[in-house]
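Trainee: Got start.pdb for you, PDB, C-alpha atoms, pLDDT in the B column:
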```
ATOM      1  CA  MET A   3       2.808 -12.012  21.490  1.00 34.00           C
ATOM      2  CA  GLY A   4       0.234 -13.613  23.798  1.00 35.00           C
ATOM      3  CA  GLY A   5       0.947 -17.234  22.939  1.00 35.00           C
ATOM      4  CA  ALA A   6       3.072 -19.004  20.393  1.00 34.00           C
ATOM      5  CA  MET A   7       2.275 -20.862  17.245  1.00 32.00           C
ATOM      6  CA  ALA A   8       1.921 -24.333  15.845  1.00 33.00           C
ATOM      7  CA  VAL A   9       2.597 -24.536  12.111  1.00 35.00           C
ATOM      8  CA  THR A  10       2.804 -27.710  10.092  1.00 31.00           C
ATOM      9  CA  LEU A  11       5.349 -26.408   7.563  1.00 32.00           C
ATOM     10  CA  VAL A  12       8.912 -25.285   8.144  1.00 33.00           C
ATOM     11  CA  SER A  13       8.470 -22.029   6.228  1.00 37.00           C
ATOM     12  CA  LEU A  14       5.868 -20.270   4.128  1.00 44.00           C
ATOM     13  CA  ALA A  15       7.662 -18.174   1.546  1.00 44.00           C
ATOM     14  CA  TYR A  16       5.281 -16.207  -0.595  1.00 39.00           C
ATOM     15  CA  PRO A  17       4.209 -17.670  -3.942  1.00 43.00           C
ATOM     16  CA  SER A  18       5.147 -16.875  -7.508  1.00 36.00           C
ATOM     17  CA  MET A  19       2.046 -14.837  -8.293  1.00 32.00           C
ATOM     18  CA  LEU A  20       1.275 -11.758  -6.212  1.00 38.00           C
ATOM     19  CA  GLY A  21       0.314  -8.204  -6.938  1.00 38.00           C
ATOM     20  CA  ILE A  22      -2.725  -6.017  -7.216  1.00 39.00           C
ATOM     21  CA  THR A  23      -4.834  -8.592  -9.046  1.00 40.00           C
ATOM     22  CA  LYS A  24      -2.853 -11.838  -9.049  1.00 42.00           C
ATOM     23  CA  VAL A  25      -3.053 -14.618  -6.485  1.00 41.00           C
ATOM     24  CA  THR A  26      -2.151 -18.281  -6.589  1.00 45.00           C
ATOM     25  CA  THR A  27      -4.471 -20.656  -8.397  1.00 51.00           C
ATOM     26  CA  ALA A  28      -5.172 -22.959  -5.424  1.00 64.00           C
ATOM     27  CA  GLN A  29      -6.448 -20.137  -3.250  1.00 72.00           C
ATOM     28  CA  ASP A  30      -8.365 -22.245  -0.755  1.00 82.00           C
ATOM     29  CA  ARG A  31      -5.602 -24.831  -0.247  1.00 90.00           C
ATOM     30  CA  VAL A  32      -4.613 -25.062   3.416  1.00 91.00           C
ATOM     31  CA  ILE A  33      -0.845 -24.623   3.676  1.00 89.00           C
ATOM     32  CA  ALA A  34      -0.560 -24.648   7.478  1.00 90.00           C
ATOM     33  CA  ASN A  35      -2.643 -25.437  10.535  1.00 93.00           C
ATOM     34  CA  THR A  36      -2.059 -22.905  13.293  1.00 93.00           C
ATOM     35  CA  GLN A  37      -3.575 -22.383  16.711  1.00 93.00           C
ATOM     36  CA  TRP A  38      -5.407 -19.377  15.220  1.00 95.00           C
ATOM     37  CA  GLY A  39      -7.039 -21.425  12.485  1.00 95.00           C
ATOM     38  CA  PRO A  40      -6.000 -22.928   9.142  1.00 96.00           C
ATOM     39  CA  LEU A  41      -3.927 -20.716   6.865  1.00 96.00           C
ATOM     40  CA  THR A  42      -4.746 -20.904   3.154  1.00 95.00           C
ATOM     41  CA  GLU A  43      -2.829 -19.759   0.103  1.00 94.00           C
ATOM     42  CA  GLN A  44      -5.075 -16.724  -0.250  1.00 95.00           C
ATOM     43  CA  ASP A  45      -4.622 -15.869   3.447  1.00 96.00           C
ATOM     44  CA  ARG A  46      -0.849 -15.916   3.030  1.00 96.00           C
ATOM     45  CA  ASP A  47      -1.053 -13.927  -0.211  1.00 94.00           C
ATOM     46  CA  PHE A  48      -3.209 -11.317   1.495  1.00 97.00           C
ATOM     47  CA  VAL A  49      -0.734 -10.661   4.308  1.00 97.00           C
ATOM     48  CA  VAL A  50       2.033 -10.212   1.727  1.00 96.00           C
ATOM     49  CA  LYS A  51      -0.153  -7.915  -0.392  1.00 95.00           C
ATOM     50  CA  VAL A  52      -0.905  -5.650   2.546  1.00 97.00           C
ATOM     51  CA  ARG A  53       2.796  -5.424   3.364  1.00 97.00           C
ATOM     52  CA  ALA A  54       3.732  -4.738  -0.287  1.00 97.00           C
ATOM     53  CA  ALA A  55       1.064  -2.040  -0.573  1.00 97.00           C
ATOM     54  CA  GLY A  56       2.581  -0.159   2.330  1.00 97.00           C
ATOM     55  CA  LEU A  57       6.073  -0.422   0.881  1.00 98.00           C
ATOM     56  CA  TRP A  58       5.100   1.868  -2.004  1.00 98.00           C
ATOM     57  CA  GLU A  59       2.099   3.830  -0.717  1.00 98.00           C
ATOM     58  CA  TYR A  60       3.870   4.987   2.441  1.00 98.00           C
ATOM     59  CA  PRO A  61       6.713   6.665   0.470  1.00 98.00           C
ATOM     60  CA  VAL A  62       4.167   8.024  -2.016  1.00 98.00           C
ATOM     61  CA  GLY A  63       2.403   9.637   0.922  1.00 98.00           C
ATOM     62  CA  GLN A  64       5.681  11.235   1.945  1.00 98.00           C
ATOM     63  CA  ILE A  65       6.148  12.494  -1.613  1.00 98.00           C
ATOM     64  CA  GLY A  66       2.615  13.898  -1.590  1.00 98.00           C
ATOM     65  CA  LEU A  67       3.334  15.887   1.548  1.00 98.00           C
ATOM     66  CA  GLN A  68       6.126  17.606  -0.381  1.00 97.00           C
ATOM     67  CA  LYS A  69       4.617  17.878  -3.871  1.00 98.00           C
ATOM     68  CA  GLY A  70       0.886  18.161  -3.297  1.00 98.00           C
ATOM     69  CA  THR A  71      -0.448  21.539  -4.362  1.00 98.00           C
ATOM     70  CA  THR A  72      -3.761  21.483  -2.482  1.00 98.00           C
ATOM     71  CA  PRO A  73      -4.723  20.921   1.163  1.00 98.00           C
ATOM     72  CA  ALA A  74      -6.855  17.928   0.132  1.00 98.00           C
ATOM     73  CA  VAL A  75      -3.912  16.188  -1.565  1.00 98.00           C
ATOM     74  CA  LYS A  76      -1.726  16.812   1.469  1.00 98.00           C
ATOM     75  CA  THR A  77      -4.454  15.438   3.748  1.00 98.00           C
ATOM     76  CA  ALA A  78      -4.704  12.319   1.578  1.00 98.00           C
ATOM     77  CA  SER A  79      -0.929  11.971   1.809  1.00 98.00           C
ATOM     78  CA  GLU A  80      -1.070  12.141   5.602  1.00 98.00           C
ATOM     79  CA  HIS A  81      -3.680   9.371   5.597  1.00 98.00           C
ATOM     80  CA  LEU A  82      -1.457   7.159   3.437  1.00 98.00           C
ATOM     81  CA  VAL A  83       1.520   7.485   5.784  1.00 98.00           C
ATOM     82  CA  ASP A  84      -0.574   7.062   8.915  1.00 98.00           C
ATOM     83  CA  GLY A  85      -2.710   4.148   7.727  1.00 98.00           C
ATOM     84  CA  HIS A  86       0.034   2.094   6.124  1.00 98.00           C
ATOM     85  CA  ALA A  87       2.369   2.501   9.084  1.00 98.00           C
ATOM     86  CA  ALA A  88      -0.307   0.928  11.297  1.00 98.00           C
ATOM     87  CA  LEU A  89      -1.046  -1.855   8.796  1.00 98.00           C
ATOM     88  CA  ASP A  90       2.676  -2.527   8.492  1.00 98.00           C
ATOM     89  CA  THR A  91       2.971  -2.930  12.251  1.00 97.00           C
ATOM     90  CA  THR A  92       0.202  -5.534  12.206  1.00 98.00           C
ATOM     91  CA  CYS A  93       1.739  -7.396   9.251  1.00 98.00           C
ATOM     92  CA  ARG A  94       5.151  -7.529  10.892  1.00 97.00           C
ATOM     93  CA  LYS A  95       3.603  -8.853  14.108  1.00 96.00           C
ATOM     94  CA  ILE A  96       1.470 -11.610  12.620  1.00 97.00           C
ATOM     95  CA  ALA A  97       3.841 -12.748   9.849  1.00 97.00           C
ATOM     96  CA  PRO A  98       6.306 -14.553  12.151  1.00 95.00           C
ATOM     97  CA  MET A  99       3.406 -15.979  14.145  1.00 95.00           C
ATOM     98  CA  LEU A 100       2.041 -17.517  10.944  1.00 96.00           C
ATOM     99  CA  ASN A 101       5.523 -18.198   9.551  1.00 95.00           C
ATOM    100  CA  ILE A 102       5.023 -15.957   6.522  1.00 96.00           C
ATOM    101  CA  THR A 103       7.967 -14.330   4.747  1.00 95.00           C
ATOM    102  CA  LEU A 104       7.361 -10.631   4.054  1.00 97.00           C
ATOM    103  CA  PRO A 105       8.949  -8.626   1.236  1.00 97.00           C
ATOM    104  CA  ASP A 106      11.013  -5.506   1.868  1.00 97.00           C
ATOM    105  CA  ILE A 107      10.478  -4.070  -1.635  1.00 95.00           C
ATOM    106  CA  ALA A 108       7.201  -3.588  -3.492  1.00 96.00           C
ATOM    107  CA  SER A 109       6.506  -5.248  -6.840  1.00 95.00           C
ATOM    108  CA  PRO A 110       8.016  -3.819 -10.045  1.00 95.00           C
ATOM    109  CA  GLN A 111       4.573  -2.538 -11.044  1.00 95.00           C
ATOM    110  CA  GLN A 112       4.172  -0.756  -7.721  1.00 96.00           C
ATOM    111  CA  GLU A 113       7.690   0.651  -7.873  1.00 97.00           C
ATOM    112  CA  GLY A 114       6.763   1.985 -11.319  1.00 96.00           C
ATOM    113  CA  PHE A 115       3.922   3.965  -9.744  1.00 97.00           C
ATOM    114  CA  VAL A 116       6.419   5.503  -7.328  1.00 97.00           C
ATOM    115  CA  ARG A 117       8.779   6.501 -10.134  1.00 97.00           C
ATOM    116  CA  GLN A 118       5.931   8.042 -12.105  1.00 97.00           C
ATOM    117  CA  LEU A 119       4.864  10.194  -9.164  1.00 97.00           C
ATOM    118  CA  GLN A 120       8.450  11.145  -8.391  1.00 97.00           C
ATOM    119  CA  ALA A 121       8.719  12.518 -11.924  1.00 97.00           C
ATOM    120  CA  ASP A 122       5.423  14.442 -11.773  1.00 97.00           C
ATOM    121  CA  SER A 123       4.941  17.974 -10.524  1.00 97.00           C
ATOM    122  CA  GLY A 124       2.189  20.542 -10.080  1.00 97.00           C
ATOM    123  CA  THR A 125      -1.397  19.616 -10.875  1.00 97.00           C
ATOM    124  CA  LYS A 126      -0.238  16.610 -12.915  1.00 97.00           C
ATOM    125  CA  PHE A 127       1.162  15.165  -9.713  1.00 98.00           C
ATOM    126  CA  ASP A 128      -2.113  15.841  -7.901  1.00 98.00           C
ATOM    127  CA  SER A 129      -4.137  14.180 -10.663  1.00 97.00           C
ATOM    128  CA  ASP A 130      -1.885  11.141 -11.111  1.00 97.00           C
ATOM    129  CA  PHE A 131      -1.582  10.739  -7.338  1.00 98.00           C
ATOM    130  CA  ALA A 132      -5.343  10.716  -6.785  1.00 98.00           C
ATOM    131  CA  ASN A 133      -6.164   8.463  -9.736  1.00 97.00           C
ATOM    132  CA  ILE A 134      -3.410   5.896  -9.220  1.00 97.00           C
ATOM    133  CA  LEU A 135      -4.163   5.577  -5.506  1.00 98.00           C
ATOM    134  CA  ARG A 136      -7.930   5.459  -6.031  1.00 97.00           C
ATOM    135  CA  MET A 137      -7.466   2.745  -8.648  1.00 96.00           C
ATOM    136  CA  THR A 138      -5.143   0.560  -6.562  1.00 95.00           C
ATOM    137  CA  HIS A 139      -7.231   0.896  -3.400  1.00 96.00           C
ATOM    138  CA  GLY A 140     -10.383   0.106  -5.336  1.00 94.00           C
ATOM    139  CA  ALA A 141      -8.731  -2.993  -6.788  1.00 92.00           C
ATOM    140  CA  ILE A 142      -7.752  -4.395  -3.382  1.00 93.00           C
ATOM    141  CA  PHE A 143     -11.063  -3.476  -1.717  1.00 94.00           C
ATOM    142  CA  ASN A 144     -12.884  -6.472  -3.212  1.00 89.00           C
ATOM    143  CA  THR A 145     -10.036  -8.780  -2.187  1.00 91.00           C
ATOM    144  CA  ILE A 146     -10.327  -7.618   1.413  1.00 96.00           C
ATOM    145  CA  SER A 147     -14.046  -8.416   1.540  1.00 95.00           C
ATOM    146  CA  LYS A 148     -13.420 -11.904   0.159  1.00 94.00           C
ATOM    147  CA  ILE A 149     -10.693 -12.608   2.699  1.00 96.00           C
ATOM    148  CA  ARG A 150     -12.790 -11.234   5.557  1.00 96.00           C
ATOM    149  CA  SER A 151     -15.775 -13.373   4.605  1.00 95.00           C
ATOM    150  CA  THR A 152     -13.905 -16.633   3.984  1.00 95.00           C
ATOM    151  CA  THR A 153     -10.792 -16.859   6.165  1.00 96.00           C
ATOM    152  CA  LYS A 154     -10.869 -19.183   9.152  1.00 96.00           C
ATOM    153  CA  ASN A 155      -7.709 -17.683  10.618  1.00 97.00           C
ATOM    154  CA  THR A 156      -8.236 -15.233  13.495  1.00 96.00           C
ATOM    155  CA  LEU A 157      -5.088 -13.197  12.823  1.00 97.00           C
ATOM    156  CA  VAL A 158      -5.784 -12.827   9.106  1.00 97.00           C
ATOM    157  CA  ARG A 159      -9.377 -11.849   9.873  1.00 97.00           C
ATOM    158  CA  ALA A 160      -8.166  -9.122  12.235  1.00 97.00           C
ATOM    159  CA  LEU A 161      -5.791  -7.797   9.567  1.00 98.00           C
ATOM    160  CA  ALA A 162      -8.657  -7.803   7.051  1.00 98.00           C
ATOM    161  CA  ASP A 163     -10.792  -5.743   9.435  1.00 97.00           C
ATOM    162  CA  GLN A 164      -8.021  -3.172   9.796  1.00 98.00           C
ATOM    163  CA  ALA A 165      -7.277  -3.163   6.063  1.00 98.00           C
ATOM    164  CA  ASN A 166     -10.955  -2.693   5.232  1.00 97.00           C
ATOM    165  CA  ASN A 167     -11.178   0.429   7.391  1.00 97.00           C
ATOM    166  CA  THR A 168      -7.879   1.800   6.106  1.00 98.00           C
ATOM    167  CA  VAL A 169      -8.551   1.208   2.404  1.00 98.00           C
ATOM    168  CA  LEU A 170     -12.053   2.675   2.634  1.00 98.00           C
ATOM    169  CA  ASP A 171     -10.579   5.752   4.309  1.00 98.00           C
ATOM    170  CA  HIS A 172      -7.904   6.078   1.624  1.00 98.00           C
ATOM    171  CA  MET A 173     -10.413   5.716  -1.207  1.00 98.00           C
ATOM    172  CA  THR A 174     -12.523   8.416   0.412  1.00 98.00           C
ATOM    173  CA  VAL A 175      -9.712  10.938   0.871  1.00 98.00           C
ATOM    174  CA  MET A 176      -8.591  10.393  -2.732  1.00 98.00           C
ATOM    175  CA  GLU A 177     -12.112  11.144  -3.916  1.00 98.00           C
ATOM    176  CA  LYS A 178     -12.216  14.280  -1.786  1.00 98.00           C
ATOM    177  CA  THR A 179      -9.218  15.707  -3.656  1.00 98.00           C
ATOM    178  CA  GLY A 180     -11.526  16.424  -6.595  1.00 98.00           C
ATOM    179  CA  PHE A 181      -8.985  14.973  -9.047  1.00 98.00           C
ATOM    180  CA  VAL A 182     -10.410  11.459  -9.474  1.00 98.00           C
ATOM    181  CA  ASP A 183     -11.632  10.638 -12.988  1.00 97.00           C
ATOM    182  CA  PHE A 184     -14.086   7.898 -12.071  1.00 96.00           C
ATOM    183  CA  ASP A 185     -14.645   6.626 -15.621  1.00 96.00           C
ATOM    184  CA  GLN A 186     -10.931   6.183 -16.207  1.00 93.00           C
ATOM    185  CA  THR A 187     -10.123   4.920 -12.726  1.00 93.00           C
ATOM    186  CA  ILE A 188     -12.882   2.333 -12.531  1.00 93.00           C
ATOM    187  CA  PHE A 189     -12.056   1.084 -16.037  1.00 93.00           C
ATOM    188  CA  GLN A 190      -8.400   0.616 -15.067  1.00 91.00           C
ATOM    189  CA  GLN A 191      -9.440  -0.965 -11.795  1.00 89.00           C
ATOM    190  CA  THR A 192     -11.709  -3.536 -13.430  1.00 88.00           C
ATOM    191  CA  THR A 193      -9.650  -4.044 -16.621  1.00 87.00           C
ATOM    192  CA  PRO A 194      -6.047  -4.200 -15.424  1.00 80.00           C
ATOM    193  CA  PRO A 195      -3.227  -4.572 -17.957  1.00 80.00           C
ATOM    194  CA  LYS A 196      -2.005  -8.101 -18.652  1.00 86.00           C
ATOM    195  CA  LEU A 197       1.409  -7.869 -17.053  1.00 87.00           C
ATOM    196  CA  PRO A 198       3.850 -10.750 -16.570  1.00 88.00           C
ATOM    197  CA  ASN A 199       3.738 -12.316 -13.131  1.00 86.00           C
ATOM    198  CA  SER A 200       7.241 -11.050 -12.427  1.00 85.00           C
ATOM    199  CA  ASP A 201       5.950  -7.460 -12.580  1.00 90.00           C
ATOM    200  CA  LEU A 202       3.295  -8.223  -9.976  1.00 89.00           C
ATOM    201  CA  THR A 203       5.509 -10.056  -7.510  1.00 90.00           C
ATOM    202  CA  PRO A 204       7.558  -8.335  -4.790  1.00 94.00           C
ATOM    203  CA  PRO A 205      11.076  -9.803  -4.706  1.00 92.00           C
ATOM    204  CA  PRO A 206      12.143 -11.969  -1.749  1.00 90.00           C
ATOM    205  CA  PRO A 207      13.871 -10.080   1.063  1.00 92.00           C
ATOM    206  CA  PRO A 208      17.671 -10.156   0.957  1.00 87.00           C
ATOM    207  CA  ALA A 209      19.100 -12.576   3.494  1.00 87.00           C
ATOM    208  CA  GLY A 210      20.755 -11.045   6.527  1.00 88.00           C
ATOM    209  CA  GLN A 211      19.449  -7.509   6.080  1.00 89.00           C
ATOM    210  CA  PRO A 212      17.265  -5.742   8.673  1.00 94.00           C
ATOM    211  CA  GLN A 213      13.563  -5.741   7.925  1.00 94.00           C
ATOM    212  CA  VAL A 214      12.163  -2.499   6.530  1.00 96.00           C
ATOM    213  CA  VAL A 215       9.933  -0.756   9.080  1.00 96.00           C
ATOM    214  CA  LEU A 216       7.345   1.878   8.172  1.00 97.00           C
ATOM    215  CA  THR A 217       7.563   4.297  11.095  1.00 96.00           C
ATOM    216  CA  PRO A 218       4.281   5.850  12.321  1.00 96.00           C
ATOM    217  CA  PRO A 219       4.140   9.651  12.094  1.00 95.00           C
ATOM    218  CA  PRO A 220       4.367  11.653  15.341  1.00 94.00           C
ATOM    219  CA  ASN A 221       0.677  12.512  15.113  1.00 92.00           C
ATOM    220  CA  ALA A 222      -0.482   8.979  14.225  1.00 94.00           C
ATOM    221  CA  THR A 223      -4.199   8.304  14.588  1.00 95.00           C
ATOM    222  CA  SER A 224      -4.412   4.810  13.054  1.00 96.00           C
ATOM    223  CA  THR A 225      -4.024   1.887  15.455  1.00 93.00           C
ATOM    224  CA  PRO A 226      -2.516  -1.536  14.699  1.00 95.00           C
ATOM    225  CA  VAL A 227      -4.408  -4.683  15.642  1.00 93.00           C
ATOM    226  CA  ASP A 228      -4.142  -5.556  19.340  1.00 92.00           C
ATOM    227  CA  ILE A 229      -2.393  -8.874  18.770  1.00 90.00           C
ATOM    228  CA  ASN A 230      -2.012  -9.489  22.491  1.00 86.00           C
ATOM    229  CA  GLY A 231      -5.768  -9.244  22.839  1.00 85.00           C
ATOM    230  CA  ILE A 232      -6.543 -11.923  20.264  1.00 84.00           C
ATOM    231  CA  ALA A 233      -3.470 -14.136  19.988  1.00 70.00           C
ATOM    232  CA  GLY A 234      -4.197 -16.100  23.127  1.00 60.00           C
ATOM    233  CA  GLY A 235      -7.539 -17.255  21.800  1.00 47.00           C
ATOM    234  CA  GLY A 236      -7.837 -20.298  19.592  1.00 43.00           C
ATOM    235  CA  GLY A 237      -8.863 -19.837  15.994  1.00 40.00           C
ATOM    236  CA  GLY A 238     -10.055 -23.359  15.422  1.00 39.00           C
ATOM    237  CA  GLY A 239      -6.507 -24.387  14.632  1.00 37.00           C
ATOM    238  CA  ALA A 240      -4.319 -27.344  15.311  1.00 35.00           C
ATOM    239  CA  ALA A 241      -5.169 -29.437  18.317  1.00 32.00           C
ATOM    240  CA  GLY A 242      -2.595 -29.648  21.030  1.00 32.00           C
ATOM    241  CA  ALA A 243      -0.879 -26.358  20.189  1.00 34.00           C
ATOM    242  CA  SER A 244       1.201 -25.403  23.181  1.00 32.00           C
ATOM    243  CA  PRO A 245       0.845 -21.781  24.381  1.00 32.00           C
ATOM    244  CA  GLY A 246       4.467 -21.883  25.479  1.00 31.00           C
ATOM    245  CA  ALA A 247       5.959 -23.219  22.269  1.00 31.00           C
ATOM    246  CA  SER A 248       8.533 -21.169  20.356  1.00 30.00           C
ATOM    247  CA  PRO A 249       7.643 -19.727  16.950  1.00 34.00           C
ATOM    248  CA  ALA A 250       9.029 -21.589  13.953  1.00 34.00           C
ATOM    249  CA  PRO A 251      11.741 -19.721  12.015  1.00 30.00           C
ATOM    250  CA  THR A 252      10.692 -17.712   8.984  1.00 31.00           C
ATOM    251  CA  ALA A 253      12.148 -18.289   5.555  1.00 30.00           C
ATOM    252  CA  GLY A 254      14.651 -15.942   3.971  1.00 26.00           C
TER     253      GLY A 254
END
```
Output the file's structure as structure tokens, nothing else.
Mentor:
Amino acid sequence: MGGAMAVTLVSLAYPSMLGITKVTTAQDRVIANTQWGPLTEQDRDFVVKVRAAGLWEYPVGQIGLQKGTTPAVKTASEHLVDGHAALDTTCRKIAPMLNITLPDIASPQQEGFVRQLQADSGTKFDSDFANILRMTHGAIFNTISKIRSTTKNTLVRALADQANNTVLDHMTVMEKTGFVDFDQTIFQQTTPPKLPNSDLTPPPPPAGQPQVVLTPPPNATSTPVDINGIAGGGGGGAAGASPGASPAPTAG
């Protein structure tokens, strides 16, 4: 991993409020000092959000490859699988370095999107697919820019760079399907339903079970962050961090 970590806490399980629009209230509170820079609540939430997004959008992309009725919908589906596999690789690499617990199941709200698309067929699938994915990507796009502009953590900043490129690409391919209703989608994006926090929070991973891995497609074009290229550099983090130290154990 190109160096080990120094974290001030034993474990950083994700908080009680996560999802498309929810984050913890003390977003700028530093929860750990690492050799790659301080890690805040919103930094930790962001890594979990990116992981949770892939846990439902990757299978939706696989569904789209089977159910999509137009070449544009199938192309958008390919981009979902490709992009989220690469983001997932980055999340799974940096999470143990930052001592962040990742979910293995998306939030109930996100799982509901999957069930809806599983039940759809024909042009209804195409329309729901494009509008749901355009809405969710649009909702997270602003979060990415905030993280990228405010985080002091090198690893989180690298993930934000990758997520920015991926989400912009996914928004674009959804729009190219011709099925996006911009009035409806932007309204839903900016006026989300008031759901209970439990619907927006991915459940903790079951203890003792292998971590879910989103496998890149054979023709993958998206590239994960080169952790080895950046992990050795300091991020303004804790003084005295030893490059040879062992990573702290993750929770769960």
Trainee: In terms of the shortest atom-to-atom distance over only C-alpha atoms, which of A:Ala74, A:Leu197, A:Ala222, A:Leu104 is closest to Phe131 of chain A?
Mentor: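 Residue with the minimum atom-to-atom distance to Phe131 of chain A: A:Ala74.
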Trainee: Convert the output of the PyMOL selection byres ((chain A and resi 228) around 12) on the shown file into explicit residues, formatted as a PDB file with C-alpha atoms, keeping the file's coordinate frame.
Mentor:
```pdb
ATOM      1  CA  MET A   3       2.808 -12.012  21.490  1.00 34.00           C
ATOM      2  CA  GLY A   4       0.234 -13.613  23.798  1.00 35.00           C
ATOM      3  CA  ALA A  88      -0.307   0.928  11.297  1.00 98.00           C
ATOM      4  CA  LEU A  89      -1.046  -1.855   8.796  1.00 98.00           C
ATOM      5  CA  THR A  91       2.971  -2.930  12.251  1.00 97.00           C
ATOM      6  CA  THR A  92       0.202  -5.534  12.206  1.00 98.00           C
ATOM      7  CA  CYS A  93       1.739  -7.396   9.251  1.00 98.00           C
ATOM      8  CA  LYS A  95       3.603  -8.853  14.108  1.00 96.00           C
ATOM      9  CA  ILE A  96       1.470 -11.610  12.620  1.00 97.00           C
ATOM     10  CA  LEU A 157      -5.088 -13.197  12.823  1.00 97.00           C
ATOM     11  CA  ALA A 160      -8.166  -9.122  12.235  1.00 97.00           C
ATOM     12  CA  LEU A 161      -5.791  -7.797   9.567  1.00 98.00           C
ATOM     13  CA  ASP A 163     -10.792  -5.743   9.435  1.00 97.00           C
ATOM     14  CA  GLN A 164      -8.021  -3.172   9.796  1.00 98.00           C
ATOM     15  CA  THR A 225      -4.024   1.887  15.455  1.00 93.00           C
ATOM     16  CA  PRO A 226      -2.516  -1.536  14.699  1.00 95.00           C
ATOM     17  CA  VAL A 227      -4.408  -4.683  15.642  1.00 93.00           C
ATOM     18  CA  ILE A 229      -2.393  -8.874  18.770  1.00 90.00           C
ATOM     19  CA  ASN A 230      -2.012  -9.489  22.491  1.00 86.00           C
ATOM     20  CA  GLY A 231      -5.768  -9.244  22.839  1.00 85.00           C
ATOM     21  CA  ILE A 232      -6.543 -11.923  20.264  1.00 84.00           C
ATOM     22  CA  ALA A 233      -3.470 -14.136  19.988  1.00 70.00           C
ATOM     23  CA  GLY A 234      -4.197 -16.100  23.127  1.00 60.00           C
TER      24      GLY A 234
END
```
Trainee: Looking at A:Gln120, A:Asp47, A:His86, A:Pro105, which one is nearest to Gln211 of chain A, with distances taken over all atoms listed in the file?
Mentor: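 Checking each of A:Gln120, A:Asp47, A:His86, A:Pro105 against Gln211 of chain A, counting all atoms listed in the file, the winner is A:Pro105.
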Trainee: Env of segment 143-146 of chain A: 8 Å cut, atoms = only C-alpha atoms, seq-sep filter 6 positions within chain, self excluded. Answer as an NGL selection string.
Mentor: :A and (162 or 165-166 or 169-170)
Trainee: Leaving out Phe127 of chain A and any residue of its chain fewer than 2 positions from it, which residues lie within 12 Å of it when counting only C-alpha atoms, given as JSON, numbers by chain?
Mentor: {"A": [62, 65, 66, 67, 68, 69, 70, 71, 72, 75, 76, 115, 116, 117, 118, 119, 120, 121, 122, 123, 124, 125, 129, 130, 131, 132, 133, 134, 135, 181]}
Trainee: Can you list, as a list in words, every protein, DNA or RNA residue that comes within 9 Å of segment 81-83 of chain A when you count only C-alpha atoms, leaving out same-chain residues fewer than 5 positions away?
Mentor: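 The filter keeps Gly56, Glu59, Tyr60, Pro61, Val62, Gly63, Gln64, Lys76, Ala88, Thr168, Asp171, His172, Val175, Leu216, Thr217, Pro218, Pro219, Ala222 and Ser224 of chain A.
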Trainee: Considering all atoms listed in the file, can you say which of A:Asp90, A:Asp128, A:Asp45, A:Glu177 comes closest to Ile102 of chain A?
Mentor: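 Once distances to Ile102 of chain A are computed over all atoms listed in the file, the minimum belongs to A:Asp45.
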